[in-house]
$ cat data14.txt   # compact mmCIF, C-alpha atoms and all ligand atoms
# COMPACT_ATOMS: atom_id res chain seq x y z
CA THR V 1 0.00 0.00 0.00
CA THR V 2 1.18 3.53 -0.78
CA PRO V 3 1.77 5.64 2.35
CA PRO V 4 -0.39 8.78 2.51
CA GLY V 5 1.24 11.78 0.85
CA VAL V 6 2.79 14.61 2.80
CA ARG V 7 0.82 17.86 2.37
CA GLY V 8 2.81 21.06 2.07
CA VAL V 9 2.26 24.72 1.30
CA LEU V 10 4.78 27.16 -0.15
CA ILE V 11 5.04 30.80 0.92
CA GLY V 12 6.82 33.38 -1.27
CA CYS V 13 6.28 32.61 -4.97
CA GLY V 14 9.25 34.52 -6.42
CA PHE V 15 12.13 33.71 -8.74
CA PHE V 16 13.62 30.83 -6.78
CA ALA V 17 10.35 29.32 -5.54
CA GLU V 18 9.66 28.03 -9.04
CA ASN V 19 12.59 25.62 -8.68
CA GLN V 20 11.22 24.38 -5.37
CA LEU V 21 7.73 23.89 -6.85
CA HIS V 22 9.09 22.00 -9.86
CA ALA V 23 11.13 19.78 -7.55
CA TRP V 24 8.16 19.04 -5.23
CA GLN V 25 5.94 18.22 -8.20
CA ALA V 26 8.51 15.72 -9.49
CA LEU V 27 8.79 13.94 -6.11
CA PRO V 28 6.35 11.10 -5.37
CA GLY V 29 4.58 11.09 -1.99
CA VAL V 30 4.43 14.85 -1.48
CA GLU V 31 2.00 17.50 -2.70
CA ILE V 32 2.01 21.28 -2.51
CA VAL V 33 -1.69 21.88 -1.85
CA ALA V 34 -1.62 25.69 -1.73
CA VAL V 35 0.68 28.64 -2.28
CA CYS V 36 0.91 32.12 -0.80
CA ASP V 37 2.39 35.38 -2.00
CA ARG V 38 1.50 38.81 -0.79
CA ASP V 39 1.63 40.03 -4.41
CA PRO V 40 -1.69 38.89 -5.98
CA ALA V 41 -0.40 39.09 -9.57
CA ARG V 42 2.60 36.89 -8.80
CA LEU V 43 0.39 34.48 -6.85
CA ALA V 44 -1.99 34.12 -9.79
CA GLN V 45 0.89 33.54 -12.22
CA VAL V 46 2.42 30.75 -10.12
CA ARG V 47 -0.93 29.06 -9.39
CA GLU V 48 -1.63 28.97 -13.10
CA ARG V 49 1.85 27.79 -14.07
CA PHE V 50 1.88 24.96 -11.52
CA GLY V 51 -1.85 24.14 -11.53
CA ILE V 52 -2.34 24.80 -7.80
CA ASP V 53 -5.99 25.39 -6.92
CA GLU V 54 -5.66 27.17 -3.61
CA GLY V 55 -3.83 30.48 -3.15
CA HIS V 56 -3.71 33.19 -0.48
CA THR V 57 -2.05 36.57 -0.11
CA ASP V 58 -1.99 36.18 3.68
CA ALA V 59 0.04 33.42 5.34
CA GLY V 60 -2.21 33.28 8.43
CA ARG V 61 -5.27 32.59 6.26
CA LEU V 62 -3.36 29.98 4.24
CA LEU V 63 -2.39 28.04 7.36
CA ALA V 64 -5.84 28.25 8.93
CA SER V 65 -7.42 26.97 5.73
CA CYS V 66 -4.95 24.20 4.83
CA ARG V 67 -3.56 22.79 8.11
CA PRO V 68 -0.50 21.51 6.18
CA ASP V 69 2.05 18.94 7.35
CA PHE V 70 4.84 21.33 6.35
CA VAL V 71 5.49 24.86 5.20
CA ASP V 72 8.17 25.67 2.63
CA ILE V 73 9.23 29.30 3.11
CA ALA V 74 10.79 30.75 -0.05
CA ALA V 75 10.17 34.37 0.97
CA PRO V 76 13.21 36.54 1.68
CA THR V 77 14.92 36.96 5.06
CA PRO V 78 12.89 39.91 6.45
CA ALA V 79 9.75 37.72 6.30
CA HIS V 80 11.28 34.72 8.11
CA ALA V 81 10.46 35.66 11.73
CA GLU V 82 6.76 36.23 11.11
CA LEU V 83 6.34 33.20 8.82
CA VAL V 84 8.31 30.74 10.98
CA GLU V 85 6.31 31.78 14.06
CA LEU V 86 3.00 31.38 12.23
CA ALA V 87 3.97 27.96 10.85
CA ALA V 88 5.31 26.74 14.20
CA CYS V 89 2.11 27.81 15.99
CA ALA V 90 0.14 25.92 13.32
CA GLY V 91 2.13 22.78 14.22
CA ALA V 92 3.71 22.44 10.75
CA ASP V 93 7.25 21.30 10.05
CA ILE V 94 9.24 24.07 8.41
CA ILE V 95 11.74 24.44 5.59
CA CYS V 96 13.13 27.93 5.21
CA GLN V 97 15.36 29.51 2.56
CA LYS V 98 18.79 30.97 3.29
CA PRO V 99 20.05 33.39 4.54
CA PHE V 100 17.98 32.36 7.55
CA ALA V 101 16.49 34.93 9.91
CA GLY V 102 18.97 37.80 9.35
CA SER V 103 21.33 37.23 12.28
CA PRO V 104 22.45 34.43 14.58
CA ALA V 105 20.44 36.02 17.43
CA ALA V 106 17.25 36.08 15.34
CA ALA V 107 17.96 32.52 14.18
CA ARG V 108 18.40 31.34 17.77
CA ALA V 109 15.01 32.79 18.77
CA LEU V 110 13.26 31.01 15.87
CA ILE V 111 15.04 27.72 16.57
CA GLU V 112 13.77 27.95 20.17
CA THR V 113 10.24 28.73 18.92
CA CYS V 114 10.26 25.61 16.73
CA ARG V 115 11.56 23.48 19.60
CA HIS V 116 8.84 24.87 21.87
CA HIS V 117 6.12 23.92 19.37
CA GLY V 118 7.68 20.52 18.62
CA VAL V 119 8.10 21.15 14.87
CA SER V 120 11.22 20.51 12.82
CA LEU V 121 13.13 23.40 11.24
CA SER V 122 15.28 22.70 8.18
CA ILE V 123 17.18 25.34 6.24
CA HIS V 124 17.12 25.09 2.43
CA GLU V 125 20.92 24.99 2.14
CA ASN V 126 21.29 23.28 -1.21
CA PHE V 127 24.89 23.82 -2.40
CA ARG V 128 26.19 20.92 -0.31
CA TRP V 129 23.62 18.85 -2.25
CA GLN V 130 24.98 19.80 -5.69
CA HIS V 131 25.91 16.55 -7.41
CA ALA V 132 29.59 17.40 -7.96
CA ILE V 133 30.05 18.84 -4.47
CA ARG V 134 28.35 15.83 -2.88
CA ARG V 135 30.76 13.52 -4.74
CA VAL V 136 33.67 15.50 -3.25
CA ILE V 137 32.15 15.28 0.25
CA ASP V 138 31.58 11.51 -0.13
CA THR V 139 35.07 10.88 -1.53
CA LEU V 140 36.68 12.80 1.33
CA ARG V 141 34.53 11.12 3.98
CA GLN V 142 35.48 7.71 2.57
CA GLY V 143 39.12 8.57 3.41
CA ALA V 144 40.29 8.51 -0.22
CA ILE V 145 43.06 11.08 0.37
CA GLY V 146 43.78 10.44 4.04
CA ARG V 147 43.63 13.30 6.53
CA PRO V 148 42.89 16.63 4.80
CA PHE V 149 45.07 19.60 5.75
CA PHE V 150 44.16 22.22 3.10
CA GLY V 151 41.02 23.17 1.21
CA ARG V 152 39.99 25.78 -1.31
CA ILE V 153 36.41 26.46 -2.30
CA SER V 154 36.33 28.95 -5.11
CA TYR V 155 33.45 30.61 -6.94
CA ARG V 156 34.44 33.31 -9.42
CA SER V 157 32.08 34.62 -12.10
CA GLY V 158 30.91 37.71 -13.96
CA PHE V 159 27.38 36.39 -14.53
CA ASP V 160 24.67 39.06 -14.30
CA VAL V 161 22.91 37.79 -11.19
CA TYR V 162 21.14 41.14 -10.75
CA ARG V 163 18.81 40.53 -13.69
CA ALA V 164 16.81 37.71 -12.06
CA GLN V 165 17.51 38.91 -8.51
CA PRO V 166 17.51 42.75 -8.64
CA TYR V 167 17.42 42.99 -4.81
CA LEU V 168 21.03 41.74 -4.76
CA ALA V 169 22.22 45.05 -6.25
CA ARG V 170 20.55 46.97 -3.40
CA ALA V 171 21.75 44.81 -0.50
CA GLU V 172 24.20 46.43 1.88
CA ARG V 173 25.71 43.00 2.50
CA PHE V 174 25.93 41.13 -0.78
CA ILE V 175 28.23 38.33 -1.79
CA ILE V 176 29.07 36.78 1.57
CA GLU V 177 25.47 36.78 2.77
CA ASP V 178 23.99 35.69 -0.57
CA LEU V 179 26.55 33.28 -2.03
CA GLY V 180 29.50 32.97 0.34
CA ILE V 181 27.05 31.52 2.88
CA HIS V 182 26.73 28.41 0.67
CA LEU V 183 30.51 28.04 0.32
CA LEU V 184 31.01 28.46 4.08
CA ASP V 185 28.39 25.75 4.57
CA VAL V 186 30.26 23.47 2.14
CA ALA V 187 33.49 24.15 4.08
CA ARG V 188 31.72 22.98 7.25
CA ALA V 189 30.34 19.90 5.46
CA LEU V 190 33.86 19.00 4.32
CA PHE V 191 36.06 19.91 7.29
CA GLY V 192 33.82 20.56 10.31
CA GLU V 193 33.51 23.55 12.62
CA VAL V 194 35.65 26.66 12.35
CA ASP V 195 37.58 28.19 15.25
CA ARG V 196 39.18 31.21 13.49
CA LEU V 197 38.25 33.21 10.42
CA GLY V 198 39.81 36.15 8.54
CA CYS V 199 38.27 38.00 5.61
CA GLU V 200 38.89 40.81 3.11
CA ILE V 201 36.16 42.24 0.89
CA THR V 202 35.84 44.79 -1.90
CA ARG V 203 33.28 46.16 -4.32
CA VAL V 204 34.29 46.28 -7.99
CA ASN V 205 30.91 46.91 -9.66
CA PRO V 206 30.06 50.61 -9.10
CA ASP V 207 26.34 50.00 -9.72
CA ILE V 208 25.70 47.87 -6.65
CA ARG V 209 25.67 48.67 -2.94
CA GLY V 210 27.42 45.77 -1.22
CA GLU V 211 30.65 43.82 -1.66
CA ASP V 212 30.97 41.67 -4.78
CA VAL V 213 34.33 40.10 -3.91
CA ALA V 214 35.30 38.29 -0.71
CA THR V 215 38.33 36.24 0.29
CA MET V 216 38.13 34.30 3.54
CA MET V 217 40.61 32.12 5.42
CA LEU V 218 39.22 29.56 7.85
CA HIS V 219 40.93 27.43 10.45
CA HIS V 220 38.89 24.37 11.46
CA ASP V 221 38.92 22.37 14.72
CA SER V 222 40.18 19.50 12.54
CA GLU V 223 43.37 21.60 11.83
CA VAL V 224 42.39 22.06 8.16
CA THR V 225 43.00 25.53 6.71
CA THR V 226 40.46 26.55 4.03
CA LEU V 227 40.42 29.40 1.56
CA VAL V 228 36.90 30.39 0.57
CA ASP V 229 36.94 32.93 -2.26
CA CYS V 230 34.01 34.33 -4.19
CA SER V 231 33.51 37.02 -6.80
CA TYR V 232 30.82 38.33 -9.10
CA ALA V 233 33.32 40.71 -10.73
CA THR V 234 35.50 38.15 -12.50
CA ARG V 235 35.64 38.34 -16.30
CA LEU V 236 36.31 34.96 -17.91
CA ALA V 237 35.85 33.91 -21.53
CA GLU V 238 34.24 30.72 -20.26
CA ASP V 239 32.28 31.73 -17.20
CA PRO V 240 31.76 28.72 -14.90
CA PHE V 241 28.58 30.15 -13.31
CA PRO V 242 27.24 28.72 -11.02
CA GLN V 243 29.92 26.12 -10.37
CA SER V 244 32.11 25.99 -7.29
CA LEU V 245 35.64 24.67 -7.79
CA ILE V 246 37.25 22.69 -5.01
CA GLU V 247 40.83 21.74 -4.13
CA ILE V 248 41.68 19.53 -1.18
CA ASP V 249 45.12 18.33 -0.14
CA GLY V 250 45.34 15.36 2.22
CA SER V 251 48.02 13.22 3.83
CA HIS V 252 47.62 10.50 1.18
CA GLY V 253 46.51 12.38 -1.92
CA SER V 254 44.63 15.36 -3.33
CA LEU V 255 41.25 16.06 -4.91
CA ARG V 256 40.57 18.62 -7.64
CA LEU V 257 37.09 19.51 -8.87
CA ALA V 258 37.58 21.34 -12.19
CA PRO V 259 35.16 23.63 -14.12
CA ASP V 260 34.14 20.88 -16.51
CA TYR V 261 32.83 18.71 -13.65
CA ARG V 262 35.89 16.52 -13.72
CA LEU V 263 36.85 15.25 -10.30
CA THR V 264 40.45 14.03 -10.11
CA ARG V 265 41.99 12.10 -7.24
CA HIS V 266 45.78 12.21 -7.11
CA ASP V 267 47.30 9.45 -4.99
CA ALA V 268 50.47 9.30 -2.93
CA ALA V 269 52.29 7.22 -5.58
CA GLY V 270 51.93 9.90 -8.28
CA GLY V 271 48.90 8.29 -9.95
CA GLN V 272 45.58 9.89 -10.71
CA ASP V 273 42.06 8.93 -11.66
CA THR V 274 39.45 11.26 -13.08
CA ARG V 275 35.68 10.85 -13.25
CA GLU V 276 32.92 13.02 -14.59
CA VAL V 277 30.57 14.27 -11.88
CA ALA V 278 28.18 16.42 -13.95
CA PRO V 279 24.63 16.71 -12.63
CA THR V 280 21.78 15.00 -14.47
CA PRO V 281 19.58 17.97 -15.43
CA PRO V 282 15.99 17.69 -14.18
CA ALA V 283 13.52 17.82 -17.12
CA TRP V 284 12.39 21.28 -15.98
CA SER V 285 15.87 22.79 -15.57
CA THR V 286 17.28 25.66 -17.61
CA ALA V 287 20.95 26.46 -18.26
CA PRO V 288 23.02 27.84 -16.66
CA TRP V 289 21.07 27.12 -13.45
CA THR V 290 21.13 23.32 -13.85
CA PRO V 291 23.53 22.39 -11.01
CA ILE V 292 21.61 24.56 -8.54
CA GLN V 293 18.23 23.32 -9.74
CA GLU V 294 19.36 19.72 -9.48
CA SER V 295 20.55 20.41 -5.93
CA VAL V 296 17.11 21.73 -5.01
CA SER V 297 15.66 18.35 -6.04
CA ALA V 298 18.38 16.51 -4.10
CA PHE V 299 17.86 18.61 -0.96
CA GLN V 300 14.07 18.23 -1.04
CA ALA V 301 14.30 14.46 -1.73
CA ASP V 302 16.61 14.09 1.27
CA TRP V 303 14.25 16.19 3.42
CA LEU V 304 11.34 13.91 2.50
CA ASP V 305 13.40 10.78 3.11
CA ALA V 306 14.55 12.15 6.48
CA ARG V 307 10.96 12.94 7.47
CA ARG V 308 9.86 9.42 6.58
CA GLY V 309 12.80 7.89 8.41
CA GLY V 310 12.44 10.12 11.48
CA ARG V 311 15.99 11.46 11.15
CA PRO V 312 17.05 15.12 11.14
CA VAL V 313 18.40 16.64 7.91
CA GLU V 314 22.03 17.79 7.81
CA THR V 315 21.05 21.45 7.57
CA ARG V 316 18.60 21.65 10.47
CA GLY V 317 18.27 25.01 12.21
CA GLU V 318 20.87 24.30 14.90
CA ASP V 319 23.43 23.22 12.29
CA ASN V 320 22.75 26.19 10.05
CA TYR V 321 23.27 28.50 13.03
CA ASN V 322 26.99 27.71 12.73
CA THR V 323 26.98 28.63 9.03
CA LEU V 324 25.22 31.91 9.82
CA ALA V 325 27.80 32.55 12.53
CA LEU V 326 30.55 32.24 9.89
CA VAL V 327 28.81 34.86 7.74
CA GLU V 328 28.63 37.18 10.73
CA ALA V 329 32.27 36.49 11.62
CA ALA V 330 33.34 37.21 8.03
CA TYR V 331 31.75 40.68 8.04
CA ARG V 332 33.32 41.43 11.43
CA ALA V 333 36.73 40.22 10.28
CA ALA V 334 36.45 42.31 7.11
CA ALA V 335 35.55 45.43 9.10
CA ASP V 336 38.45 45.01 11.53
CA HIS V 337 40.98 43.38 9.16
CA GLY V 338 41.42 40.89 11.95
CA THR V 339 40.72 37.30 12.89
CA VAL V 340 37.41 36.40 14.52
CA THR V 341 36.34 33.39 16.58
CA PRO V 342 32.85 32.55 15.27
CA GLU V 343 29.99 31.88 17.65
CA ARG V 344 28.74 28.32 17.79
CA TRP V 345 25.47 26.55 18.63
CA PRO V 346 25.94 25.22 22.16
P1 LIG Q 1 11.92 37.19 -5.05
O1 LIG Q 1 11.94 38.61 -4.61
O2 LIG Q 1 11.92 36.87 -6.51
O3 LIG Q 1 10.63 36.46 -4.43
C1 LIG Q 1 10.23 36.60 -3.11
C2 LIG Q 1 8.70 36.51 -3.08
O4 LIG Q 1 8.28 36.46 -1.71
C3 LIG Q 1 8.01 37.73 -3.71
O5 LIG Q 1 7.10 37.31 -4.70
C4 LIG Q 1 7.32 38.41 -2.53
O6 LIG Q 1 6.10 39.04 -2.88
C5 LIG Q 1 7.10 37.24 -1.57
N1 LIG Q 1 6.96 37.60 -0.16
C6 LIG Q 1 7.78 38.38 0.59
N2 LIG Q 1 7.33 38.44 1.85
C7 LIG Q 1 6.22 37.67 1.91
C8 LIG Q 1 5.31 37.34 2.95
N3 LIG Q 1 5.47 37.80 4.20
N4 LIG Q 1 4.26 36.54 2.66
C9 LIG Q 1 4.08 36.07 1.40
N5 LIG Q 1 4.91 36.35 0.38
C10 LIG Q 1 5.97 37.14 0.63
O7 LIG Q 1 13.13 36.49 -4.32
P2 LIG Q 1 13.91 35.14 -4.74
O8 LIG Q 1 14.99 35.49 -5.69
O9 LIG Q 1 12.93 34.11 -5.11
O10 LIG Q 1 14.61 34.77 -3.36
C11 LIG Q 1 13.88 34.27 -2.29
C12 LIG Q 1 14.84 33.63 -1.30
O11 LIG Q 1 15.49 32.55 -1.95
C13 LIG Q 1 15.95 34.58 -0.82
O12 LIG Q 1 16.13 34.40 0.55
C14 LIG Q 1 17.18 34.15 -1.61
O13 LIG Q 1 18.39 34.33 -0.91
C15 LIG Q 1 16.89 32.68 -1.77
N6 LIG Q 1 17.60 32.08 -2.93
C16 LIG Q 1 18.20 30.90 -2.71
C17 LIG Q 1 18.91 30.29 -3.72
C18 LIG Q 1 19.57 28.98 -3.44
O14 LIG Q 1 20.31 28.45 -4.26
N7 LIG Q 1 19.33 28.37 -2.29
C19 LIG Q 1 19.02 30.91 -4.98
C20 LIG Q 1 18.34 32.12 -5.18
C21 LIG Q 1 17.62 32.70 -4.13
O1 LIG Q 2 21.01 33.92 -4.49
C1 LIG Q 2 22.10 33.10 -4.82
C2 LIG Q 2 22.12 31.74 -4.33
O2 LIG Q 2 21.69 31.37 -3.26
O3 LIG Q 2 22.75 30.94 -5.24
C3 LIG Q 2 23.15 31.67 -6.38
C4 LIG Q 2 22.35 32.96 -6.30
O4 LIG Q 2 21.15 32.77 -7.02
C5 LIG Q 2 23.05 34.18 -6.86
O5 LIG Q 2 24.22 34.44 -6.15
$ encode --input "data14.txt" --output "structure tokens" --more "lines below"
Ligand code: NAD
Ligand code: 89Y
Amino acid sequence: TTPPGVRGVLIGCGFFAENQLHAWQALPGVEIVAVCDRDPARLAQVRERFGIDEGHTDAGRLLASCRPDFVDIAAPTPAHAELVELAACAGADIICQKPFAGSPAAARALIETCRHHGVSLSIHENFRWQHAIRRVIDTLRQGAIGRPFFGRISYRSGFDVYRAQPYLARAERFIIEDLGIHLLDVARALFGEVDRLGCEITRVNPDIRGEDVATMMLHHDSEVTTLVDCSYATRLAEDPFPQSLIEIDGSHGSLRLAPDYRLTRHDAAGGQDTREVAPTPPAWSTAPWTPIQESVSAFQADWLDARRGGRPVETRGEDNYNTLALVEAAYRAAADHGTVTPERWP
């Protein structure tokens, strides 16, 4: 017999929510029964595109009407506090987009609220679920290069991200909070928690408000040193957007993830083996967003599997608190040109 489907609602029907809706609709055993956006025109567009009968412009009304098993919040950070509280009070499990809550203090309060109401809180942190990045994580965790001592996670592009996401040009904090947050999360997935962090930032594009280049150096409890560098001001004939490139050196070999999705393992004897780790594009995906869109499917499939199996997802609220703390530490380190010890979930 087929287990009953999980009933969800999605709040915030903007640019990125379409990926989440496509991914839910392709997953068996889950249904998005209603959507909500405070902009009626956008709400109508998304309901029509995805064939969703029920829609609301007010999240309170949506929850009262639907009583969903879970709420997928794709609205931006300023809406998180209100929406997470509403969903938690309605007894629904919660998935919320990054950057969560706006600060570690605000995140802590919402994590406590979810605990109080006995609902799970998962952060939609999808980069660690990108196919190529996941293969690097798995290879490292299997011990294929021994004990890692150096990492580099690099994301350098000149892609016009402001076209689909115009709010990014107006943000006072840009690349670390928007994109670097994913790379810092990948650094944690690979090497564990961070005890010291330094950072330098700059703005190259005169038409935006925040920083579009950041270079961070992390020291992990595991004694690994990681460089995390990101830029949206890098001109390249072949722009790798939105790929992250990864280098890891270990006691018994090295790993290199190159722009063409080739993952090479170099061994201690001077040998190497290379495999292709390109994502399989979902039917609904559109270049150049494919690796990110595929990771949305992977994250949501894992979330559903975790829910069925009664296990927490990797990027639950408490875990993501430590990623948010790295973002906060990076801005502090950049302001002081110093080294910061990031906060940590107790
Ligand atoms: P967007 O501006 O295109 O869409 C946001 C939508 O939320 C808008 O339609 C707006 O009307 C609606 N909204 C805002 N507050 C609301 C509320 N209280 N109730 C109901 N609706 C509300 O933004 P976007 O580009 O889709 O980004 C949304 C979030 O997704 C951001 O936090 C962004 O950082 C994140 N994002 C994540 C990834 C990723 O790879 N994980 C990629 C892009 C964007
Ligand atoms: O918003 C960003 C994200 O989370 O991934 C890529 C992006 O869309 C632009 O930097």
$ closest_residue --input "data14.txt" --among "V:Ile133, V:Ala268, V:Ala214, V:Cys230" --to "Ala334 in chain V" --atoms "all atoms listed in the file"
V:Ala214
$ residues_around --input "data14.txt" --residues "Arg141 in chain V" --least-positions-apart "3" --cutoff "12 Å" --atoms "all atoms listed in the file" --output "count of residues only"
15
$ residues_near_ligand --input "data14.txt" --ligand "ligand LIG 1 (chain Q)" --cutoff "6 Å" --atoms "all atoms listed in the file" --output "number ranges by chain"
V: 11-17, 36-39, 59, 74-77, 79, 97-99, 125-126, 165, 178, 292
$ closest_residue --input "data14.txt" --among "V:Glu112, V:Glu172, V:Asp72, V:Glu211" --to "Asp93 in chain V" --atoms "only C-alpha atoms"
V:Asp72
$ residues_near_ligand --input "data14.txt" --ligand "ligand LIG 2 (chain Q)" --cutoff "7 Å" --atoms "only C-alpha atoms and all ligand atoms" --output "PyMOL selection string"
chain V and resi 161+178-179+242
$ write_last_selection --input "data14.txt" --atoms "C-alpha atoms" --output "PDB file, in the coordinates of the input"
ATOM      1  CA  VAL V 161      22.910  37.790 -11.190  1.00  0.00           C
ATOM      2  CA  ASP V 178      23.990  35.690  -0.570  1.00  0.00           C
ATOM      3  CA  LEU V 179      26.550  33.280  -2.030  1.00  0.00           C
ATOM      4  CA  PRO V 242      27.240  28.720 -11.020  1.00  0.00           C
TER       5      PRO V 242
END
$ closest_atom_pairs --input "data14.txt" --of "range 63-149 of chain V" --to "range 318-324 of chain V" --cutoff "7 Å" --atoms "only C-alpha atoms" --output "tab-separated table"
residue	atom	partner	partner_atom	distance
V:Pro104	CA	V:Leu324	CA	6.1
V:Ala107	CA	V:Tyr321	CA	6.8
V:Ile111	CA	V:Glu318	CA	7.0
V:Ile123	CA	V:Asn320	CA	6.8
$ write_last_selection --input "data14.txt" --atoms "C-alpha atoms" --output "PDB file, keeping the file's coordinate frame"
ATOM      1  CA  PRO V 104      22.450  34.430  14.580  1.00  0.00           C
ATOM      2  CA  ALA V 107      17.960  32.520  14.180  1.00  0.00           C
ATOM      3  CA  ILE V 111      15.040  27.720  16.570  1.00  0.00           C
ATOM      4  CA  ILE V 123      17.180  25.340   6.240  1.00  0.00           C
TER       5      ILE V 123
END
$ axis_aligned_box --input "data14.txt" --around "range 66-80 of chain V" --padding-each-side "5 Å" --output "JSON"
{"center_x": 5.0, "center_y": 29.4, "center_z": 4.0, "size_x": 29.9, "size_y": 31.0, "size_z": 18.2}
$ closest_residue --input "data14.txt" --among "V:Ser222, V:Thr274, V:Thr339, V:Gln142" --to "Arg188 in chain V" --atoms "only C-alpha atoms"
V:Ser222
$ residues_around --input "data14.txt" --residues "Arg256 in chain V" --least-positions-apart "4" --cutoff "7 Å" --atoms "all atoms listed in the file" --output "number ranges by chain"
V: 246-248, 263-265
$ write_last_selection --input "data14.txt" --atoms "C-alpha atoms" --output "mmCIF file, keeping the file's coordinate frame"
data_model
loop_
_atom_site.group_PDB
_atom_site.id
_atom_site.type_symbol
_atom_site.label_atom_id
_atom_site.label_comp_id
_atom_site.auth_asym_id
_atom_site.auth_seq_id
_atom_site.Cartn_x
_atom_site.Cartn_y
_atom_site.Cartn_z
ATOM 1 C CA ILE V 246 37.250 22.690 -5.010
ATOM 2 C CA GLU V 247 40.830 21.740 -4.130
ATOM 3 C CA ILE V 248 41.680 19.530 -1.180
ATOM 4 C CA LEU V 263 36.850 15.250 -10.300
ATOM 5 C CA THR V 264 40.450 14.030 -10.110
ATOM 6 C CA ARG V 265 41.990 12.100 -7.240
#
